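Written below as structure tokens is the structure these notes are about.
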Amino acid sequence: MAILAAKEEALNLASKMRRMLRNRRPGIRQGSVRHPPSRFTIAALTALVSVGVAQWVSAQANPSSEYQVKAAFLFHFAQFIDWPPEAFKDGGSALTYCTVGDDPFHGALDASLNGKTIDSRPVRVLHFKQTQEAQGCQVVFLGTAEKKFISAALAKLRGTPVLSVGESENFAHEGGMIGFFLEDKKVRFEINLDAAAHAKLKISARLLALAKTVIGGPKGT
């Protein structure tokens, strides 16, 4: 029964993404620094959600699989974000992912992003102990192990064009932009649209539609 329910939800998500593709406008949005996600990208992200909905990840049974899923999500998240021009030194700068504190991925993020590009920008991964060291990052991940430092870290990042992603309890409600959480042993995420807007980041309606919860605005806006 659980597998049938998962398949039904996956089919519903795929149908929703097909409707979005039919209704999307081609071209680059005014002021955007990136191309709209490709049909392949949207299909890939939908597949990831479907896998999470099904039973690919069980944090209690296999925590390494959990972080493989989160690493894949992180890669696709960036393809649904518009950064302002000042987020990069120049058009050839890398899109940089940074972890702060202990790396809960234990190499899974590096392996997942190795050799990848996003909108012709090479992707790189850096690891830091302190938030102030994470200069020039476009995506910063704050793991559960750093929960006591979350408030201070988010305060340092506030107003900068950096996508903050975390997995501590109520991460998005406390000012983070995308917060992972587990629901029935499945990886879900919620988005704080207000925090993203304050950082001048634009999150695609396609990604908002896949979030479990959107804070600061209805899905699809």
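By order of appearance in the structure tokens: chains A, B, ..., then residues from 1 within every chain, and ligands from 1 in the order shown.
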**OP:** May I have the residues within 9 Å of A:Ile215 as a PyMOL selection string, using only C-alpha atoms and disregarding those fewer than 3 positions away in the same chain?
**Re:** chain A and resi 172-173+190-195+218
Subject >> Distance query stretch 129-142 of chain A at most 7 Å, only C-alpha atoms, self and fewer than 6 positions along chain excluded, as a PyMOL selection string >> reply: chain A and resi 87+95-101+153+161-166
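Of the listed residues A:Val214, A:Ile81, A:Leu74, A:Ala145, the one whose atoms come nearest to A:Asp119 is A:Ile81, with distances taken using only C-alpha atoms.
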Subject >> Straight-line distance linking atom CA of A:Ser112 with atom CA of A:Ala72, stated in Å to one decimal >> reply: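 Result for atom CA of A:Ser112 versus atom CA of A:Ala72: 6.6 Å, one decimal.
Between atom CA of A:Val69 and atom CA of A:Arg206 the interatomic distance comes to 19.0 Å.
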Compile a residue-level contact table for stretch 98-157 of chain A against stretch 88-94 of chain A at a cut-off of 6 Å, reporting for every qualifying residue the shortest atom pair and its distance in Å to one decimal, with only C-alpha atoms counted, rows ordered by chain and ascending number, as CSV.
```
residue,atom,partner,partner_atom,distance
A:Arg121,CA,A:Ala94,CA,5.3
A:Pro122,CA,A:Ala94,CA,4.9
A:Val123,CA,A:Ala94,CA,5.6
```
**OP:** Tell me, as a list of chain:residue names, which residues lie within 9 Å of A:Leu113, counting only C-alpha atoms; anything in the same chain fewer than 2 positions away does not count.
**Re:**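 These residues fall inside the cut-off: A:Ala71, A:Ala72, A:Phe75, A:Ala108, A:Leu109, A:Asp110, A:Ala111, A:Gly115, A:Lys116, A:Thr117, A:Val123, A:Arg124, A:Val125.
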Keeping only all heavy atoms, write those residues as a PDB file, in the first residue's frame.
```
ATOM      1  N   ALA A  71      22.371  15.872  -1.236  1.00  0.00           N
ATOM      2  CA  ALA A  71      23.380  16.410  -2.151  1.00  0.00           C
ATOM      3  C   ALA A  71      22.789  16.596  -3.541  1.00  0.00           C
ATOM      4  O   ALA A  71      23.037  17.610  -4.208  1.00  0.00           O
ATOM      5  CB  ALA A  71      24.589  15.479  -2.205  1.00  0.00           C
ATOM      6  N   ALA A  72      21.996  15.630  -3.998  1.00  0.00           N
ATOM      7  CA  ALA A  72      21.365  15.741  -5.309  1.00  0.00           C
ATOM      8  C   ALA A  72      20.377  16.895  -5.330  1.00  0.00           C
ATOM      9  O   ALA A  72      20.298  17.654  -6.305  1.00  0.00           O
ATOM     10  CB  ALA A  72      20.668  14.427  -5.662  1.00  0.00           C
ATOM     11  N   PHE A  75      22.192  20.261  -5.668  1.00  0.00           N
ATOM     12  CA  PHE A  75      22.616  20.553  -7.037  1.00  0.00           C
ATOM     13  C   PHE A  75      21.463  21.133  -7.849  1.00  0.00           C
ATOM     14  O   PHE A  75      21.610  22.137  -8.550  1.00  0.00           O
ATOM     15  CB  PHE A  75      23.146  19.289  -7.703  1.00  0.00           C
ATOM     16  CG  PHE A  75      23.450  19.462  -9.172  1.00  0.00           C
ATOM     17  CD1 PHE A  75      24.461  20.317  -9.597  1.00  0.00           C
ATOM     18  CD2 PHE A  75      22.707  18.788 -10.125  1.00  0.00           C
ATOM     19  CE1 PHE A  75      24.734  20.494 -10.953  1.00  0.00           C
ATOM     20  CE2 PHE A  75      22.978  18.949 -11.484  1.00  0.00           C
ATOM     21  CZ  PHE A  75      23.986  19.802 -11.892  1.00  0.00           C
ATOM     22  N   ALA A 108      29.933  13.049   0.182  1.00  0.00           N
ATOM     23  CA  ALA A 108      28.839  12.810  -0.771  1.00  0.00           C
ATOM     24  C   ALA A 108      28.542  14.042  -1.611  1.00  0.00           C
ATOM     25  O   ALA A 108      28.220  13.930  -2.801  1.00  0.00           O
ATOM     26  CB  ALA A 108      27.575  12.361  -0.035  1.00  0.00           C
ATOM     27  N   LEU A 109      28.664  15.233  -1.008  1.00  0.00           N
ATOM     28  CA  LEU A 109      28.394  16.464  -1.760  1.00  0.00           C
ATOM     29  C   LEU A 109      29.470  16.692  -2.810  1.00  0.00           C
ATOM     30  O   LEU A 109      29.169  17.021  -3.966  1.00  0.00           O
ATOM     31  CB  LEU A 109      28.311  17.658  -0.810  1.00  0.00           C
ATOM     32  CG  LEU A 109      27.929  19.003  -1.444  1.00  0.00           C
ATOM     33  CD1 LEU A 109      26.555  18.919  -2.098  1.00  0.00           C
ATOM     34  CD2 LEU A 109      27.947  20.116  -0.397  1.00  0.00           C
ATOM     35  N   ASP A 110      30.727  16.507  -2.429  1.00  0.00           N
ATOM     36  CA  ASP A 110      31.830  16.651  -3.376  1.00  0.00           C
ATOM     37  C   ASP A 110      31.672  15.678  -4.539  1.00  0.00           C
ATOM     38  O   ASP A 110      31.839  16.039  -5.709  1.00  0.00           O
ATOM     39  CB  ASP A 110      33.170  16.409  -2.681  1.00  0.00           C
ATOM     40  CG  ASP A 110      33.397  17.342  -1.504  1.00  0.00           C
ATOM     41  OD1 ASP A 110      32.653  17.206  -0.503  1.00  0.00           O
ATOM     42  OD2 ASP A 110      34.302  18.182  -1.574  1.00  0.00           O
ATOM     43  N   ALA A 111      31.345  14.430  -4.213  1.00  0.00           N
ATOM     44  CA  ALA A 111      31.202  13.412  -5.249  1.00  0.00           C
ATOM     45  C   ALA A 111      30.037  13.724  -6.183  1.00  0.00           C
ATOM     46  O   ALA A 111      30.124  13.531  -7.403  1.00  0.00           O
ATOM     47  CB  ALA A 111      31.006  12.042  -4.610  1.00  0.00           C
ATOM     48  N   GLY A 115      32.739  17.912 -11.276  1.00  0.00           N
ATOM     49  CA  GLY A 115      32.673  18.011 -12.726  1.00  0.00           C
ATOM     50  C   GLY A 115      31.391  18.604 -13.277  1.00  0.00           C
ATOM     51  O   GLY A 115      31.244  18.723 -14.497  1.00  0.00           O
ATOM     52  N   LYS A 116      30.454  19.016 -12.407  1.00  0.00           N
ATOM     53  CA  LYS A 116      29.179  19.559 -12.868  1.00  0.00           C
ATOM     54  C   LYS A 116      29.320  21.043 -13.210  1.00  0.00           C
ATOM     55  O   LYS A 116      30.226  21.731 -12.739  1.00  0.00           O
ATOM     56  CB  LYS A 116      28.108  19.392 -11.786  1.00  0.00           C
ATOM     57  CG  LYS A 116      27.820  17.960 -11.383  1.00  0.00           C
ATOM     58  CD  LYS A 116      27.094  17.207 -12.472  1.00  0.00           C
ATOM     59  CE  LYS A 116      26.778  15.777 -12.063  1.00  0.00           C
ATOM     60  NZ  LYS A 116      25.886  15.692 -10.907  1.00  0.00           N
ATOM     61  N   THR A 117      28.407  21.531 -14.033  1.00  0.00           N
ATOM     62  CA  THR A 117      28.294  22.956 -14.329  1.00  0.00           C
ATOM     63  C   THR A 117      26.836  23.360 -14.202  1.00  0.00           C
ATOM     64  O   THR A 117      25.923  22.529 -14.378  1.00  0.00           O
ATOM     65  CB  THR A 117      28.779  23.303 -15.746  1.00  0.00           C
ATOM     66  OG1 THR A 117      27.965  22.611 -16.710  1.00  0.00           O
ATOM     67  CG2 THR A 117      30.240  22.914 -15.947  1.00  0.00           C
ATOM     68  N   VAL A 123      31.077  24.192 -11.070  1.00  0.00           N
ATOM     69  CA  VAL A 123      30.622  24.067  -9.678  1.00  0.00           C
ATOM     70  C   VAL A 123      31.778  23.575  -8.825  1.00  0.00           C
ATOM     71  O   VAL A 123      32.516  22.676  -9.216  1.00  0.00           O
ATOM     72  CB  VAL A 123      29.432  23.088  -9.585  1.00  0.00           C
ATOM     73  CG1 VAL A 123      29.074  22.816  -8.132  1.00  0.00           C
ATOM     74  CG2 VAL A 123      28.225  23.650 -10.332  1.00  0.00           C
ATOM     75  N   ARG A 124      31.947  24.171  -7.664  1.00  0.00           N
ATOM     76  CA  ARG A 124      32.980  23.706  -6.740  1.00  0.00           C
ATOM     77  C   ARG A 124      32.407  23.627  -5.333  1.00  0.00           C
ATOM     78  O   ARG A 124      31.388  24.258  -5.018  1.00  0.00           O
ATOM     79  CB  ARG A 124      34.202  24.633  -6.751  1.00  0.00           C
ATOM     80  CG  ARG A 124      33.926  26.046  -6.254  1.00  0.00           C
ATOM     81  CD  ARG A 124      35.205  26.853  -6.180  1.00  0.00           C
ATOM     82  NE  ARG A 124      34.952  28.221  -5.717  1.00  0.00           N
ATOM     83  CZ  ARG A 124      35.898  29.096  -5.407  1.00  0.00           C
ATOM     84  NH1 ARG A 124      37.176  28.751  -5.506  1.00  0.00           N
ATOM     85  NH2 ARG A 124      35.589  30.312  -4.992  1.00  0.00           N
ATOM     86  N   VAL A 125      33.051  22.850  -4.477  1.00  0.00           N
ATOM     87  CA  VAL A 125      32.612  22.660  -3.094  1.00  0.00           C
ATOM     88  C   VAL A 125      33.769  22.998  -2.165  1.00  0.00           C
ATOM     89  O   VAL A 125      34.892  22.507  -2.360  1.00  0.00           O
ATOM     90  CB  VAL A 125      32.160  21.202  -2.846  1.00  0.00           C
ATOM     91  CG1 VAL A 125      31.702  21.024  -1.401  1.00  0.00           C
ATOM     92  CG2 VAL A 125      31.041  20.813  -3.813  1.00  0.00           C
TER      93      VAL A 125
END
```
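Between atom CA of A:Glu174 and atom CA of A:Ser151 the separation is 7.6 Å.
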**OP:** Do a neighbour search on A:Lys202 at 9 Å with only C-alpha atoms, toss out local chain neighbours closer than 5 positions, and write the hits as a list in words.
**Re:**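 Residues near the query, excluding close chain neighbours: Ser32, Phe80, Ile81, Asp82, Trp83, Pro84, Leu193, Ala196 and Ala197 of chain A.
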